[in-house]
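To start, the structure under review is shown below, and the notes come after it.
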Amino acid sequence: MKKLALLSTLLLAGAAFAAAPKDTLVVQQAADTPTLDPGATYDTGSGQTVENIYETLLTYRGASLRDLEPLLATKWTISNGGKTYTFDLRKNVKFHSGNTMTCRDAEYTFERNLVTNAAESGNWFLSESLLGTASNANDDKGITWAKIDKAVECNNNGQLVFTLPKADPAFLSKLAFAGQSIVDSKYAIGLGEWKGTEADWKNWVGKDLQGSALSAKPSGTGAYRLVRKDANAILAQAFDGYWGKKPAIKNVIIQKVPELAARQQAFLRGDADLIEAGTRANIEEQLKGKPGVVVVDGLPNVNATGIFMNENIKDSSRLGSGKLDGQGIPANFFSDVNVRRGFAYAFNYAQYIQDVQKGKGKQRTMLLPDTFPGYDAKVKTYKYDAAQAKAYLQRAWGGNVWKNGFTLNVAYRAGSVPSQTAMEILKKNIEALNPKFRVNIQSKEWSAMLNDSKAGKEPMIIIGWAPDYADPDNFMYTFYSSNGYYYPRSNWKDATVDKWLEQARVTTNQAERNRLYSLVGQRAYEQSPYLLVPAGIGLNVQRSNLVGATAQTYNPMTSFSYTGTFWKDLSKK
């Protein structure tokens, strides 16, 4: 009874209580948890719980981003020129419901993801691999039940077989994404989810699964099962029937605590083991060096951020006069490479690293994490050079930019100090070049910025990308292809780059892929579609009695949570 009473107290977010027990992990964060349905998981708040109550066919080995190892699968083979993948599945695995996992559960899982493929999910990249399109059947009429059914099947030996229309060297990495975790089909159907047959598949096309019945009552094969979830807290407990090694941590509590100061105080008291700790400055000023606190520094940063220069601005209200008369800009202002290169030379990268990242940052050569295959450190980069910026802007638009000047209206995400600082650095340096240059910056709500940038309305936006899977395609195609996710925000198109990226998508030879990505990186340097914002060096904080989370074990792809590990790999001393 005492144990239950303590856990109930722990679930009260922000409450003051004694240090978290040895068998209980307490996490405090600002974010909520939108869903516990793998088919809808596409955010970090949901992912850190989903990946611990569910499991995928395979996962990353240790801290490696390149090596994969079996999880619910035991082995796999690749045949038919890289278009057929056959998986042997682990035997005697139990779901939290008590049902035994079979090949049918895996088949149901992937077919369900292909059928629904809502815009809010990450199933678009699974569909790209298996159906040849990122769209669902509502948007692509070429998608039929027969195609979905053929794409993933169980053979007579109980093996799971994927059949791809063309080779995809990133396919295995995609299967390690938490959103592709195996679902308990019998249990899900019993809750009223899709029946897994052709009869009702059309009714589920494009359906948002965030608030599904399975989200409210999940049943996975993971080391932890859900006990309780409400708007402010989650309680998960170790699953007694787990097939693998039994975890030392028996209870995991995730609390929503919006105020940073409250999270920091709870952490310093020992009431929380892990917290969303804020920026490097927050950590170094408020937490580092305090009793019971360990700062794990030097962690890989697998995000990439750029300042997009839109070459076809679709919002006349953001253009001022709409002309190069000093009072505005034309909609295609950034389509002149001289403008883009001028802006690239006007950004002070070293100042950003010092002001925002406290000297702990790195200027990359490409919009690709430097720990990923395909990254080329030899690609040229821009440095702050006022003389070069002036020279290029003097050439821009036949000299009219320099002669007449311009007024550029840009926004940054409200509340984002790094974004605001980046825009202020750019504004100061651009305006210093010519008294006729004017850059107006203002804050804007993130949801509005996302929608407007997707519609091509933002003249300039600073935005980043976190990986779905550890393959360079997830960044290079996303940022640089005219068919990529971010194209509407930049409207930059280069036919040669598109050709190289399409070749890389079907090339299984890694050396050849690396060569193609190097070509893209060099071409992007020449054309400067984006300003590459320096990447900060990662760090996190944890209580000193937490064991199993170090810089050597940290894998940014394995876990959405703060330790870079699964909960089952942690313990407390």
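Each chain in the structure tokens gets a letter, A, B, ..., in the order shown, and its residues are numbered from 1; ligands are numbered from 1 in order too.
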Exercise: A:Lys360 partners within 7 Å, only C-alpha atoms, chain neighbours under 3 positions left out, as a list of chain:residue names: A:Ile353, A:Gln357, A:Gly536, A:Ile537
I'd like to know which residues of stretch 339-501 of chain A are alpha helix (DSSP H) (by DSSP, run on the backbone); could you write them as number ranges by chain? A: 339-346, 349-357, 386-395, 400-404, 417-433, 446-454, 473-480, 487-490, 495-501
Using DSSP on the backbone coordinates, identify the residues of stretch 23-206 of chain A assigned to strand (DSSP E or B); present them as a PyMOL selection string. chain A and resi 24-29+58-60+68-70+73-79+84-89+94+100+152-154+160-163
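Within the 8 Å cut-off around A:Val205, using only C-alpha atoms and omitting residues fewer than 4 positions from it on the same chain, the listed residues are Val115, Thr116, Asn117, Ala118, Asn136, Ala137, Asn138 and Trp201 of chain A.
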Would you put the residues from that selection into a file with C-alpha atoms, as a PDB file, in the first residue's frame?
```
ATOM      1  CA  VAL A 115      -3.448   2.058 -45.263  1.00  0.00           C
ATOM      2  CA  THR A 116      -3.731   4.997 -42.857  1.00  0.00           C
ATOM      3  CA  ASN A 117      -0.568   6.990 -43.697  1.00  0.00           C
ATOM      4  CA  ALA A 118      -2.004  10.186 -42.209  1.00  0.00           C
ATOM      5  CA  ASN A 136      -1.953   7.657 -49.213  1.00  0.00           C
ATOM      6  CA  ALA A 137      -4.778   6.247 -51.330  1.00  0.00           C
ATOM      7  CA  ASN A 138      -6.852   9.417 -50.948  1.00  0.00           C
ATOM      8  CA  TRP A 201      -9.546  -0.610 -45.725  1.00  0.00           C
TER       9      TRP A 201
END
```
Just want the 9 Å neighbourhood of stretch 71-74 of chain A, counted on only C-alpha atoms, with same-chain residues fewer than 5 positions away dropped. Output as JSON, numbers by chain. {"A": [55, 56, 57, 58, 59, 87, 88, 89, 90, 91, 93, 182, 221]}
Please, could you write that set of residues out with C-alpha atoms as a PDB file, in the first residue's frame?
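In the end it all went to selection22.pdb:
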```pdb
ATOM      1  CA  GLU A  55       9.409  -2.815 -30.125  1.00  0.00           C
ATOM      2  CA  THR A  56      10.572  -2.773 -33.727  1.00  0.00           C
ATOM      3  CA  LEU A  57      11.927  -5.615 -35.872  1.00  0.00           C
ATOM      4  CA  LEU A  58      15.472  -4.315 -35.477  1.00  0.00           C
ATOM      5  CA  THR A  59      17.333  -1.555 -33.678  1.00  0.00           C
ATOM      6  CA  PHE A  87      12.663 -11.622 -41.762  1.00  0.00           C
ATOM      7  CA  ASP A  88      12.702 -14.490 -39.294  1.00  0.00           C
ATOM      8  CA  LEU A  89      10.731 -13.469 -36.209  1.00  0.00           C
ATOM      9  CA  ARG A  90      11.465 -14.150 -32.553  1.00  0.00           C
ATOM     10  CA  LYS A  91       9.463 -16.995 -30.994  1.00  0.00           C
ATOM     11  CA  VAL A  93       7.194 -13.248 -27.464  1.00  0.00           C
ATOM     12  CA  ILE A 182       4.836  -4.173 -33.983  1.00  0.00           C
ATOM     13  CA  THR A 221       5.976  -6.385 -26.540  1.00  0.00           C
TER      14      THR A 221
END
```
Nearest candidate to A:Phe347 (options A:Ala231, A:Ile283, A:Val27, A:Val533; using only C-alpha atoms): A:Val533
Skip A:Ser453 itself and residues of its chain fewer than 4 positions away, then list as a PyMOL selection string all residues within 12 Å of it, counting only C-alpha atoms. chain A and resi 307-310+312-315+410-413+444+446-449+457-463+485-491
Skipping near chain neighbours, those fewer than 6 positions away, what residues fall within 12 Å of A:Lys383 using only C-alpha atoms, listed as a ChimeraX atom specification? /A:341-352,363-365,389,525,531-534
Env of A:Gln286: 12 Å cut, atoms = only C-alpha atoms, seq-sep filter 3 positions within chain, self excluded. Answer as a list in words.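 Counting only C-alpha atoms, the residues come to Leu260, Ala261, Arg263, Gln264, Gln265, Phe267, Leu268, Ala277, Gly278, Thr279, Arg280, Ala281, Asn282, Ile283, Gly289, Lys290, Pro291, Val293, Val295 and Val541 of chain A.
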